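Asks: Input structure: target-v8.cif, which contains mmCIF, C-alpha atoms and all ligand atoms.
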data_run
#
loop_
_atom_site.label_atom_id
_atom_site.label_comp_id
_atom_site.auth_asym_id
_atom_site.auth_seq_id
_atom_site.Cartn_x
_atom_site.Cartn_y
_atom_site.Cartn_z
CA MET M 1 6.48 15.07 -115.96
CA PRO M 2 5.97 11.60 -117.44
CA SER M 3 6.43 8.77 -114.96
CA ALA M 4 9.55 6.55 -115.16
CA HIS M 5 9.50 3.66 -117.62
CA PRO M 6 7.63 0.82 -115.81
CA VAL M 7 10.17 -1.94 -116.71
CA LYS M 8 13.06 0.29 -115.63
CA SER M 9 11.44 1.17 -112.32
CA LEU M 10 10.62 -2.49 -111.68
CA SER M 11 14.22 -3.56 -112.32
CA LEU M 12 15.46 -0.76 -110.06
CA ALA M 13 13.13 -2.03 -107.34
CA VAL M 14 14.52 -5.56 -107.76
CA VAL M 15 18.11 -4.27 -107.49
CA ALA M 16 17.18 -2.24 -104.42
CA ALA M 17 15.62 -5.33 -102.82
CA LEU M 18 18.69 -7.44 -103.60
CA VAL M 19 20.95 -4.79 -102.08
CA MET M 20 18.76 -4.79 -98.96
CA ILE M 21 18.97 -8.58 -98.69
CA PHE M 22 22.63 -9.10 -99.64
CA GLY M 23 24.13 -5.70 -98.90
CA ASN M 24 26.08 -3.49 -101.27
CA PRO M 25 27.83 -5.91 -103.64
CA SER M 26 30.98 -3.78 -103.89
CA HIS M 27 31.39 -3.95 -100.13
CA SER M 28 30.51 -7.47 -99.17
CA MET M 29 30.84 -9.81 -102.16
CA ALA M 30 34.42 -10.99 -102.38
CA ALA M 31 35.51 -11.57 -105.96
CA LYS M 32 37.31 -14.79 -106.84
CA HIS M 33 40.37 -14.73 -109.07
CA VAL M 34 42.24 -17.64 -110.64
CA PHE M 35 45.66 -16.72 -112.00
CA GLU M 36 48.21 -18.76 -113.96
CA LEU M 37 51.87 -18.03 -113.26
CA SER M 38 54.75 -19.79 -114.99
CA ILE M 39 58.43 -19.52 -114.16
CA ASP M 40 60.70 -19.65 -117.20
CA GLU M 41 64.40 -19.24 -117.89
CA MET M 42 64.64 -16.11 -120.02
CA GLU M 43 67.18 -13.52 -121.01
CA ILE M 44 66.43 -9.82 -120.64
CA GLU M 45 68.42 -6.75 -121.66
CA VAL M 46 68.94 -4.79 -118.45
CA ALA M 47 71.15 -2.03 -119.93
CA PRO M 48 72.18 -1.46 -123.57
CA GLY M 49 74.03 -4.61 -124.63
CA PHE M 50 73.92 -6.06 -121.12
CA LYS M 51 72.02 -9.36 -121.40
CA TYR M 52 71.03 -11.16 -118.23
CA GLN M 53 69.55 -14.58 -117.52
CA VAL M 54 66.55 -14.59 -115.18
CA PHE M 55 63.87 -16.81 -113.70
CA ALA M 56 60.93 -14.89 -115.11
CA PHE M 57 57.29 -14.94 -113.95
CA ASN M 58 55.14 -15.34 -117.09
CA ARG M 59 58.34 -14.81 -119.12
CA GLN M 60 58.76 -11.23 -117.91
CA VAL M 61 60.76 -9.12 -115.44
CA PRO M 62 59.26 -7.55 -113.44
CA GLY M 63 56.47 -10.07 -113.04
CA PRO M 64 52.89 -9.33 -114.09
CA LEU M 65 50.66 -7.12 -111.95
CA MET M 66 48.12 -8.90 -109.77
CA HIS M 67 45.40 -6.35 -109.04
CA VAL M 68 42.56 -7.36 -106.71
CA GLY M 69 40.14 -5.90 -104.18
CA GLU M 70 40.19 -6.10 -100.39
CA GLY M 71 38.84 -9.45 -99.21
CA ASP M 72 39.04 -11.12 -102.63
CA ASP M 73 39.91 -14.81 -102.86
CA VAL M 74 42.91 -15.56 -105.04
CA THR M 75 44.01 -18.90 -106.47
CA VAL M 76 47.36 -19.03 -108.27
CA HIS M 77 48.54 -22.07 -110.22
CA VAL M 78 52.34 -21.87 -110.42
CA THR M 79 54.20 -23.96 -113.02
CA ASN M 80 57.96 -24.23 -112.73
CA ASN M 81 59.46 -24.56 -116.22
CA THR M 82 63.00 -23.86 -114.98
CA SER M 83 65.78 -26.27 -114.03
CA LEU M 84 65.83 -25.24 -110.34
CA PRO M 85 63.32 -25.29 -107.46
CA HIS M 86 61.27 -22.27 -106.37
CA THR M 87 58.32 -21.28 -104.17
CA ILE M 88 56.29 -18.08 -104.02
CA HIS M 89 55.84 -15.93 -100.96
CA TRP M 90 52.94 -13.44 -100.99
CA HIS M 91 54.69 -10.59 -99.22
CA GLY M 92 52.39 -8.62 -96.90
CA ILE M 93 49.41 -10.95 -97.07
CA HIS M 94 48.53 -11.99 -93.50
CA GLN M 95 47.47 -15.56 -94.38
CA LYS M 96 45.14 -15.67 -91.37
CA ASP M 97 44.24 -19.30 -90.65
CA ASN M 98 46.02 -20.03 -93.93
CA TRP M 99 49.71 -20.23 -93.00
CA ARG M 100 50.38 -23.19 -95.29
CA ASN M 101 50.11 -20.80 -98.24
CA ASP M 102 52.91 -18.51 -97.06
CA GLY M 103 55.32 -20.01 -99.59
CA VAL M 104 58.40 -20.71 -97.47
CA PRO M 105 60.21 -24.01 -98.14
CA GLY M 106 60.99 -26.02 -95.03
CA ILE M 107 58.45 -24.01 -93.01
CA THR M 108 55.13 -24.20 -94.85
CA GLN M 109 55.74 -26.44 -97.88
CA GLY M 110 58.32 -28.31 -99.93
CA ASN M 111 60.00 -26.86 -102.99
CA ILE M 112 58.13 -26.55 -106.27
CA GLU M 113 60.51 -28.76 -108.20
CA ALA M 114 61.47 -28.37 -111.85
CA GLY M 115 58.50 -29.33 -114.00
CA ASP M 116 55.97 -29.28 -111.14
CA THR M 117 52.80 -27.23 -110.72
CA TYR M 118 51.70 -26.01 -107.29
CA THR M 119 48.54 -24.17 -106.30
CA TYR M 120 48.33 -21.35 -103.76
CA LYS M 121 45.07 -20.03 -102.32
CA TRP M 122 44.93 -16.85 -100.26
CA LYS M 123 42.63 -14.02 -99.33
CA ALA M 124 43.61 -10.40 -100.00
CA ASP M 125 43.29 -9.62 -96.29
CA LYS M 126 45.73 -6.70 -96.29
CA THR M 127 45.43 -3.72 -98.62
CA GLY M 128 47.81 -1.58 -100.63
CA SER M 129 51.19 -2.24 -102.19
CA MET M 130 51.97 -5.93 -101.72
CA TRP M 131 54.20 -8.12 -103.84
CA TYR M 132 55.18 -11.68 -104.60
CA HIS M 133 58.63 -13.18 -104.81
CA CYS M 134 60.45 -16.49 -104.71
CA HIS M 135 61.50 -17.83 -101.31
CA VAL M 136 64.17 -20.33 -102.42
CA ASN M 137 67.79 -19.08 -102.48
CA VAL M 138 66.39 -15.60 -102.06
CA ASN M 139 69.81 -13.97 -102.17
CA GLU M 140 70.12 -15.05 -105.78
CA HIS M 141 66.54 -15.58 -107.00
CA VAL M 142 65.12 -12.36 -105.56
CA GLY M 143 68.38 -10.39 -105.27
CA ILE M 144 69.67 -10.74 -108.83
CA ARG M 145 67.38 -13.06 -110.81
CA GLY M 146 64.22 -10.98 -111.20
CA MET M 147 61.80 -13.18 -109.25
CA TRP M 148 59.41 -10.45 -108.12
CA GLY M 149 56.21 -8.75 -109.18
CA PRO M 150 53.60 -6.37 -107.71
CA ILE M 151 50.29 -7.14 -106.04
CA VAL M 152 47.96 -4.18 -105.54
CA VAL M 153 45.01 -4.71 -103.22
CA ASP M 154 42.48 -1.87 -103.49
CA PRO M 155 41.03 -0.96 -100.07
CA LYS M 156 37.28 -0.72 -99.64
CA GLU M 157 37.78 2.67 -97.97
CA PRO M 158 40.68 4.57 -99.56
CA ILE M 159 41.96 7.72 -97.83
CA ALA M 160 40.69 11.01 -99.26
CA ILE M 161 43.71 11.94 -101.36
CA GLU M 162 43.70 8.55 -103.10
CA LYS M 163 40.37 9.48 -104.67
CA GLU M 164 42.13 12.35 -106.49
CA VAL M 165 44.71 10.13 -108.22
CA THR M 166 44.78 10.54 -112.04
CA LYS M 167 47.77 8.31 -112.82
CA ASP M 168 49.10 5.22 -111.04
CA VAL M 169 52.76 4.24 -111.13
CA ILE M 170 54.81 1.32 -109.80
CA MET M 171 58.59 1.57 -109.39
CA MET M 172 60.42 -1.63 -108.36
CA LEU M 173 64.14 -1.16 -107.73
CA SER M 174 66.85 -3.81 -107.74
CA GLY M 175 70.45 -4.64 -108.64
CA TRP M 176 72.38 -7.01 -110.90
CA GLN M 177 75.80 -8.69 -110.90
CA SER M 178 77.48 -8.90 -114.30
CA LYS M 179 79.76 -11.71 -113.13
CA TYR M 180 76.70 -13.97 -112.84
CA ALA M 181 74.70 -12.66 -115.81
CA SER M 182 74.71 -16.07 -117.49
CA LYS M 183 75.21 -18.28 -114.42
CA LEU M 184 71.76 -19.33 -113.29
CA GLY M 185 71.97 -20.83 -109.82
CA ASP M 186 74.91 -18.75 -108.68
CA GLY M 187 75.81 -15.28 -107.37
CA MET M 188 74.92 -12.73 -104.70
CA GLY M 189 77.33 -14.04 -102.12
CA PRO M 190 78.56 -11.60 -99.46
CA HIS M 191 81.67 -10.75 -101.49
CA ASP M 192 80.02 -10.42 -104.89
CA VAL M 193 79.76 -7.02 -106.51
CA THR M 194 76.46 -5.53 -107.66
CA ASP M 195 77.38 -3.36 -110.65
CA TYR M 196 74.08 -2.59 -112.40
CA PHE M 197 70.95 -1.12 -110.81
CA SER M 198 67.50 -0.89 -112.24
CA LEU M 199 64.03 0.60 -112.21
CA ASN M 200 61.43 -1.99 -113.25
CA GLY M 201 64.22 -4.28 -114.40
CA ARG M 202 65.95 -1.79 -116.72
CA SER M 203 68.84 0.65 -116.32
CA PHE M 204 68.89 4.11 -117.90
CA PRO M 205 68.63 4.69 -120.87
CA LEU M 206 66.47 1.55 -121.16
CA THR M 207 64.17 2.94 -118.47
CA GLN M 208 61.33 5.19 -119.66
CA PRO M 209 60.11 8.74 -119.08
CA LEU M 210 57.25 9.41 -116.66
CA ARG M 211 54.86 11.42 -118.85
CA VAL M 212 52.33 13.63 -117.07
CA LYS M 213 49.98 16.54 -117.62
CA LYS M 214 49.86 19.68 -115.48
CA GLY M 215 47.26 18.97 -112.77
CA ASP M 216 47.88 15.22 -112.66
CA VAL M 217 47.86 13.65 -109.22
CA VAL M 218 50.30 10.77 -109.51
CA ARG M 219 50.53 7.93 -107.02
CA ILE M 220 53.90 6.16 -107.02
CA ARG M 221 54.40 2.85 -105.26
CA PHE M 222 58.12 2.31 -104.51
CA TYR M 223 59.33 -1.25 -103.92
CA GLY M 224 62.72 -2.38 -102.64
CA ALA M 225 62.61 -5.54 -104.74
CA GLY M 226 66.27 -6.61 -104.75
CA GLY M 227 69.06 -6.52 -102.17
CA GLU M 228 69.93 -2.80 -102.26
CA PHE M 229 68.89 0.36 -100.44
CA HIS M 230 67.58 3.15 -102.66
CA THR M 231 66.84 6.87 -102.23
CA MET M 232 64.52 8.07 -104.99
CA HIS M 233 64.73 11.84 -105.42
CA SER M 234 62.19 13.90 -107.37
CA HIS M 235 63.52 17.17 -108.82
CA GLY M 236 61.05 20.06 -108.87
CA HIS M 237 58.39 18.26 -106.81
CA ASP M 238 57.76 17.10 -103.27
CA MET M 239 56.24 13.71 -102.59
CA LEU M 240 53.60 13.13 -99.92
CA ILE M 241 54.27 9.82 -98.19
CA THR M 242 50.84 8.30 -97.49
CA HIS M 243 51.41 4.56 -96.99
CA LYS M 244 54.15 2.28 -95.68
CA ASP M 245 54.10 -1.43 -96.55
CA GLY M 246 50.56 -1.05 -97.86
CA LEU M 247 48.96 0.62 -94.85
CA PRO M 248 48.08 4.31 -94.43
CA ILE M 249 50.37 6.22 -92.05
CA PRO M 250 48.76 8.40 -89.36
CA ALA M 251 50.32 11.69 -90.50
CA PRO M 252 51.38 11.87 -94.16
CA TYR M 253 54.46 14.06 -94.71
CA LEU M 254 56.24 15.73 -97.62
CA VAL M 255 59.72 14.71 -98.78
CA ASP M 256 61.84 15.12 -101.89
CA THR M 257 63.81 11.88 -101.27
CA VAL M 258 62.45 8.52 -100.17
CA LEU M 259 64.76 5.94 -98.62
CA PHE M 260 63.68 2.31 -98.84
CA GLY M 261 65.47 -0.96 -98.27
CA PRO M 262 64.93 -4.55 -99.37
CA GLY M 263 61.29 -5.62 -98.97
CA GLU M 264 59.96 -2.15 -98.09
CA ARG M 265 57.21 -0.26 -99.90
CA TYR M 266 56.29 3.41 -99.71
CA ASP M 267 53.34 4.99 -101.52
CA VAL M 268 53.64 8.68 -102.35
CA ILE M 269 51.38 11.23 -104.03
CA VAL M 270 52.90 13.85 -106.31
CA ARG M 271 50.94 16.87 -107.54
CA MET M 272 52.20 17.71 -111.01
CA ASP M 273 52.20 21.51 -110.80
CA ASN M 274 55.56 22.49 -112.29
CA PRO M 275 55.69 22.01 -116.09
CA GLY M 276 59.10 21.16 -117.48
CA TYR M 277 61.53 18.25 -117.62
CA PHE M 278 62.75 17.02 -114.23
CA ILE M 279 65.07 14.11 -113.57
CA PHE M 280 63.85 11.61 -110.98
CA HIS M 281 66.60 9.30 -109.79
CA ASP M 282 68.14 7.07 -107.15
CA HIS M 283 70.37 9.31 -105.01
CA VAL M 284 72.71 6.50 -104.02
CA ASP M 285 75.41 7.87 -106.30
CA LYS M 286 76.87 4.49 -107.21
CA HIS M 287 73.45 3.33 -108.40
CA VAL M 288 73.19 5.81 -111.27
CA THR M 289 75.93 4.00 -113.17
CA ASN M 290 76.01 1.00 -115.48
CA ASN M 291 79.11 -0.99 -114.58
CA GLY M 292 80.69 2.18 -113.19
CA LYS M 293 79.68 4.50 -116.05
CA PHE M 294 77.41 7.48 -115.36
CA PRO M 295 74.59 7.97 -116.28
CA GLY M 296 72.78 4.69 -115.80
CA GLY M 297 70.64 2.77 -113.33
CA PRO M 298 67.36 3.98 -111.81
CA ILE M 299 66.85 7.24 -113.67
CA THR M 300 63.64 8.56 -115.20
CA VAL M 301 62.46 12.03 -116.20
CA ILE M 302 59.14 13.66 -115.33
CA GLU M 303 58.06 14.95 -118.76
CA TYR M 304 55.15 17.36 -118.97
CA ASP M 305 52.84 17.35 -121.97
CA GLY M 306 53.21 20.46 -124.10
CA VAL M 307 56.70 21.46 -122.96
CA GLU M 308 59.24 21.56 -125.74
CA GLN M 309 62.23 19.23 -125.42
CA LEU M 310 65.80 20.49 -125.71
CA GLY M 311 67.43 19.63 -129.02
CA ASP M 312 69.91 17.27 -127.38
CA TYR M 313 67.44 15.76 -124.90
CA ALA M 314 68.62 12.29 -123.79
CA TRP M 315 65.34 10.59 -124.71
CA LYS M 316 64.55 12.40 -127.96
CA GLY M 317 62.51 10.03 -130.14
CA VAL M 318 62.38 7.30 -127.47
CA ASN M 319 60.22 4.27 -128.32
CA TYR M 320 57.80 5.23 -125.56
CA ASP M 321 56.16 2.52 -123.45
CA PRO M 322 53.15 4.02 -121.61
CA ASN M 323 52.93 0.85 -119.46
CA PHE M 324 56.56 0.82 -118.26
CA PHE M 325 55.36 1.92 -114.81
CA TYR M 326 52.25 -0.35 -115.00
CA SER M 327 50.01 2.71 -115.48
CA GLU M 328 47.90 1.05 -118.19
CA SER M 329 47.69 -2.26 -116.31
CA LEU M 330 46.61 -0.44 -113.13
CA ALA M 331 43.80 1.29 -115.05
CA LYS M 332 42.34 -2.04 -116.20
CA PRO M 333 39.73 -4.03 -114.25
CA HIS M 334 41.02 -6.33 -111.51
CA GLY M 335 42.96 -9.34 -112.72
CA LEU M 336 46.45 -10.47 -113.69
CA HIS M 337 48.01 -8.27 -116.34
CA ASN M 338 51.02 -9.39 -118.37
CA HIS M 339 53.12 -6.83 -120.20
CA ASP M 340 54.77 -7.83 -123.49
CA ARG M 341 57.52 -5.24 -123.26
CA PHE M 342 58.81 -6.72 -119.99
CA MET M 343 59.18 -10.14 -121.64
CA GLY M 344 62.61 -11.57 -122.39
CA THR M 345 63.75 -14.13 -124.92
CA PRO M 346 63.87 -17.83 -124.02
CA ILE M 347 67.28 -19.25 -123.12
CA GLU M 348 68.38 -22.15 -125.27
CA LYS M 349 68.81 -25.07 -122.92
CA LYS M 350 72.09 -26.37 -124.27
CA GLY M 351 73.11 -29.19 -121.97
CA ARG M 352 71.05 -27.81 -119.07
CA LYS M 353 69.27 -30.60 -117.30
CA ARG M 354 66.45 -30.33 -114.86
CA ARG M 355 67.75 -30.95 -111.40
CA ARG M 356 65.69 -32.24 -108.52
CA THR M 357 66.59 -31.29 -104.99
CA HIS M 358 66.16 -33.60 -102.03
CA LYS M 359 65.35 -32.41 -98.58
CU CU C 1 63.35 -19.22 -106.99
#
Could you write out this file's structure as C-alpha cells?
Replies:
Amino acid sequence: MPSAHPVKSLSLAVVAALVMIFGNPSHSMAAKHVFELSIDEMEIEVAPGFKYQVFAFNRQVPGPLMHVGEGDDVTVHVTNNTSLPHTIHWHGIHQKDNWRNDGVPGITQGNIEAGDTYTYKWKADKTGSMWYHCHVNVNEHVGIRGMWGPIVVDPKEPIAIEKEVTKDVIMMLSGWQSKYASKLGDGMGPHDVTDYFSLNGRSFPLTQPLRVKKGDVVRIRFYGAGGEFHTMHSHGHDMLITHKDGLPIPAPYLVDTVLFGPGERYDVIVRMDNPGYFIFHDHVDKHVTNNGKFPGGPITVIEYDGVEQLGDYAWKGVNYDPNFFYSESLAKPHGLHNHDRFMGTPIEKKGRKRRRTHK
C-alpha cells in the first residue's frame, strides 16, 4: 500500500494537535450570531379574503426562524418601525447572570419606542424549542397581532431518536379577532371574541399539506403562540412526545392528540408508516372554523408521496410551499432564516402618527 500523501498527513496531524489543545470545536467553541430583526406594520391574509393588520418581525408572520447551537452567543438588533412600543422576550432562555436581556418592560428595560433600535445579547443556555415574542400589551401583541417566532437551539447531545429525524416541522398555533383586524393597538379584552384560528398564521385552506415519504421520521414542534388552548390530533399515526418546553422528558409516551396552552411547547416524533392522506387538525371543534364556518383553522393533511389523490381532494393543485412548516429553514446551517411566503404587504400609514409612551 502506498503511504498517505505527506501534505495531507501533515495537515491531519496539525488538526489533531489543535483538537488536543482546544478540544473538539463542535463541543466547546460557542458560535457567535448577530441577527437583525425589524418590527413593521403589515397586512397578512389569514383566511381567504380575511386581511389582518399585524406587527410583523422582519415583515412576516410567523417571525423568522432563529436556529443556533447550545451555548452559542446571540446578539439581536431590534428596530421598531411601527407606531407603538414593543420589547422582545426570549421565551425559555435562562438569561443566567444576564437578566437585563429578558425583555420585560418595567422589570428589565424600558419600551423600545417607535423608531428606536435596541440590542439584546444572550447565550443559548437552554436547548430545544424556544421562541421569541413581544412583552408589551401581550394580550394584543402576542394574542392577536402575530408577534412571535421560533428559536431552535440544537443540543450538543440529542437523545437517540432525534438522530433518526428525516424531516423537521414547526407548528405555531394562535387565534384572531375579526373585530380588530384593522385596529392596531386594540383588541383581545376579556369579552372579545376570537373567531379565526391558525396554524403558522394561516387558516385552512391557506394552510399547507405536510408532505412525507414512507419511512420518514418527522419531528414536530408544537407551540401555543397565541391565547388559545389547542389539541392537535393526527389521524392514522401516533405521536411520541419526547420534549416539553425544550427539555427531554424522562419517559416519552405515545399519543394521538396533544393538548397545549399559551406559551407551551411539545416536541413529538411521528414515524410515517401508513401511506395515504390523513387529516391532522386541532380537535377543539370551534377552532376548525373560519368565522363560524367549517372547515377552517388549524387543519393540515399528511400527504404521502406516491399515493394518488381523490379527484375532489381539497388541495388538488395547491401552490405548494415546502417551507410552510419551516422544514427548509431548519435544514439550513445555523442562522436567522426569513421566509418570503410568510411576508405580508405594508400598511399605508394614512394619518397614523408615531406615538411615544411615557412611563
Ligand atoms: Cu409589541
Asks: Given the point (51.3, 2.7, -114.3) in the coordinates of this file, which residues lie within 7 Å, counting only C-alpha atoms, and how would they look as a CSV table (one decimal) with C-alpha atoms, keeping the file's coordinate frame?
Replies:
chain,number,residue,atom,x,y,z
M,167,LYS,CA,47.8,8.3,-112.8
M,168,ASP,CA,49.1,5.2,-111.0
M,169,VAL,CA,52.8,4.2,-111.1
M,170,ILE,CA,54.8,1.3,-109.8
M,323,ASN,CA,52.9,0.8,-119.5
M,324,PHE,CA,56.6,0.8,-118.3
M,325,PHE,CA,55.4,1.9,-114.8
M,326,TYR,CA,52.2,-0.4,-115.0
M,327,SER,CA,50.0,2.7,-115.5
M,328,GLU,CA,47.9,1.0,-118.2
M,329,SER,CA,47.7,-2.3,-116.3
M,330,LEU,CA,46.6,-0.4,-113.1
Asks: Which residues are close to M:Val318, i.e. within 10 Å by all atoms listed in the file, leaving aside same-chain residues fewer than 2 positions away? Reply as an MDAnalysis selection string.
Replies: chainID M and resid 205:206 208:209 314:316 320:321
Asks: Counting only C-alpha atoms and all ligand atoms, which residues in chain M sit no more than 10 Å from ligand CU 1 (chain C)? For each one, give the nearest pair of atoms and the distance in Å, sorted by chain then residue number, as a tab-separated table.
Replies:
residue	atom	partner	partner_atom	distance
M:Ile39	CA	C:CU1	CU	8.7
M:Val54	CA	C:CU1	CU	9.9
M:Phe55	CA	C:CU1	CU	7.1
M:Ala56	CA	C:CU1	CU	9.5
M:Asn80	CA	C:CU1	CU	9.3
M:Thr82	CA	C:CU1	CU	9.2
M:Leu84	CA	C:CU1	CU	7.3
M:Pro85	CA	C:CU1	CU	6.1
M:His86	CA	C:CU1	CU	3.7
M:Thr87	CA	C:CU1	CU	6.1
M:Ile88	CA	C:CU1	CU	7.7
M:Asn111	CA	C:CU1	CU	9.3
M:Ile112	CA	C:CU1	CU	9.0
M:His133	CA	C:CU1	CU	8.0
M:Cys134	CA	C:CU1	CU	4.6
M:His135	CA	C:CU1	CU	6.1
M:Val136	CA	C:CU1	CU	4.8
M:Asn137	CA	C:CU1	CU	6.3
M:Val138	CA	C:CU1	CU	6.8
M:Asn139	CA	C:CU1	CU	9.6
M:Glu140	CA	C:CU1	CU	8.0
M:His141	CA	C:CU1	CU	4.8
M:Val142	CA	C:CU1	CU	7.2
M:Arg145	CA	C:CU1	CU	8.3
M:Gly146	CA	C:CU1	CU	9.3
M:Met147	CA	C:CU1	CU	6.6
M:Trp148	CA	C:CU1	CU	9.7
M:Gly185	CA	C:CU1	CU	9.2
Asks: Counting only C-alpha atoms, which residues in stretch 94-183 of chain M sit no more than 10 Å from stretch 264-272 of chain M? For each one, give the nearest pair of atoms and the distance in Å, sorted by chain then residue number, as CSV.
Replies:
residue,atom,partner,partner_atom,distance
M:Gly128,CA,M:Asp267,CA,8.6
M:Ser129,CA,M:Arg265,CA,6.7
M:Met130,CA,M:Arg265,CA,7.9
M:Trp131,CA,M:Arg265,CA,9.3
M:Ile161,CA,M:Ile269,CA,8.2
M:Glu162,CA,M:Ile269,CA,8.2
M:Glu164,CA,M:Ile269,CA,9.6
M:Val165,CA,M:Ile269,CA,8.0
M:Thr166,CA,M:Arg271,CA,9.9
M:Lys167,CA,M:Ile269,CA,9.9
M:Asp168,CA,M:Ile269,CA,9.5
M:Val169,CA,M:Asp267,CA,9.7
M:Ile170,CA,M:Asp267,CA,9.2
M:Met171,CA,M:Arg265,CA,9.8
M:Met172,CA,M:Arg265,CA,9.2
Asks: For M:Tyr118, which residue among M:Ile249, M:Val76, M:Lys156, M:Gly63 is the nearest when counting all atoms listed in the file?
Replies: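 Counting all atoms listed in the file, the residue closest to M:Tyr118 is M:Val76.
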Asks: Rounded to one decimal, what separation in Å do you get between atom CA of M:Arg202 and atom CA of M:Ile93?
Replies: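 Separation between atom CA of M:Arg202 and atom CA of M:Ile93: 27.3 Å.
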Asks: Which of these residues is nearest to M:Pro62, using only C-alpha atoms: M:Ala124, M:Met239, M:Ile302, M:Val46?
Replies: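 Checking each candidate against M:Pro62, we get M:Val46 as the closest.
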Asks: Taking all atoms listed in the file into account, which of M:Arg219, M:Arg100, M:His281, M:Lys51 comes nearest M:Thr207?
Replies: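 Going through M:Arg219, M:Arg100, M:His281, M:Lys51 one by one, the smallest distance to M:Thr207 is for M:His281.
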Asks: Could you list as a PyMOL selection string every residue that has an atom within 7 Å of (68.1, 6.3, -116.7), using the file's coordinates and counting all atoms listed in the file?
Replies: chain M and resi 203-207+295-300
Asks: Write a file of the just-selected residues containing C-alpha atoms, as a PDB file, in the frame of the given file.
Replies:
ATOM      1  CA  SER M 203      68.840   0.650-116.320  1.00  0.00           C
ATOM      2  CA  PHE M 204      68.890   4.110-117.900  1.00  0.00           C
ATOM      3  CA  PRO M 205      68.630   4.690-120.870  1.00  0.00           C
ATOM      4  CA  LEU M 206      66.470   1.550-121.160  1.00  0.00           C
ATOM      5  CA  THR M 207      64.170   2.940-118.470  1.00  0.00           C
ATOM      6  CA  PRO M 295      74.590   7.970-116.280  1.00  0.00           C
ATOM      7  CA  GLY M 296      72.780   4.690-115.800  1.00  0.00           C
ATOM      8  CA  GLY M 297      70.640   2.770-113.330  1.00  0.00           C
ATOM      9  CA  PRO M 298      67.360   3.980-111.810  1.00  0.00           C
ATOM     10  CA  ILE M 299      66.850   7.240-113.670  1.00  0.00           C
ATOM     11  CA  THR M 300      63.640   8.560-115.200  1.00  0.00           C
TER      12      THR M 300
END
Asks: Set the distance at 10 Å and use only C-alpha atoms: which residues neighbour M:Asn291 once local chain neighbours fewer than 5 positions away are removed? I'd like the list as a ChimeraX atom specification.
Replies: /M:47,50,176-178,194-197,286,296-297
Asks: Quick one: pull the distance between atom CA of M:Ile159 and atom CA of M:His67, Å, one decimal.
Replies: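 Taking atom CA of M:Ile159 and atom CA of M:His67, their separation equals 18.3 Å.
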Asks: So which one's closest to M:Leu240, M:Leu259, M:Leu336, M:Ala225, M:Ile220? Using all atoms listed in the file, please.
Replies: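 Among the listed residues, M:Ile220 lies closest to M:Leu240.
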Asks: Smallest atom-to-atom distance to M:Arg211: which of M:Ala31, M:Ile44, M:Val78, M:Ile279, using all atoms listed in the file?
Replies: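 The shortest atom-to-atom distance to M:Arg211 comes from M:Ile279.
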Asks: Would you please work out which residue, of M:Lys214, M:Asp97, M:Lys244, M:Asp282, is nearest to M:Asp256 when using all atoms listed in the file?
Replies: M:Asp282
Asks: List the neighbours of M:Leu173 out to 8 Å using only C-alpha atoms; skip same-chain residues closer than 2 positions along the sequence, and give me the result as number ranges by chain.
Replies: M: 171, 175, 197-201, 222-226, 230, 298
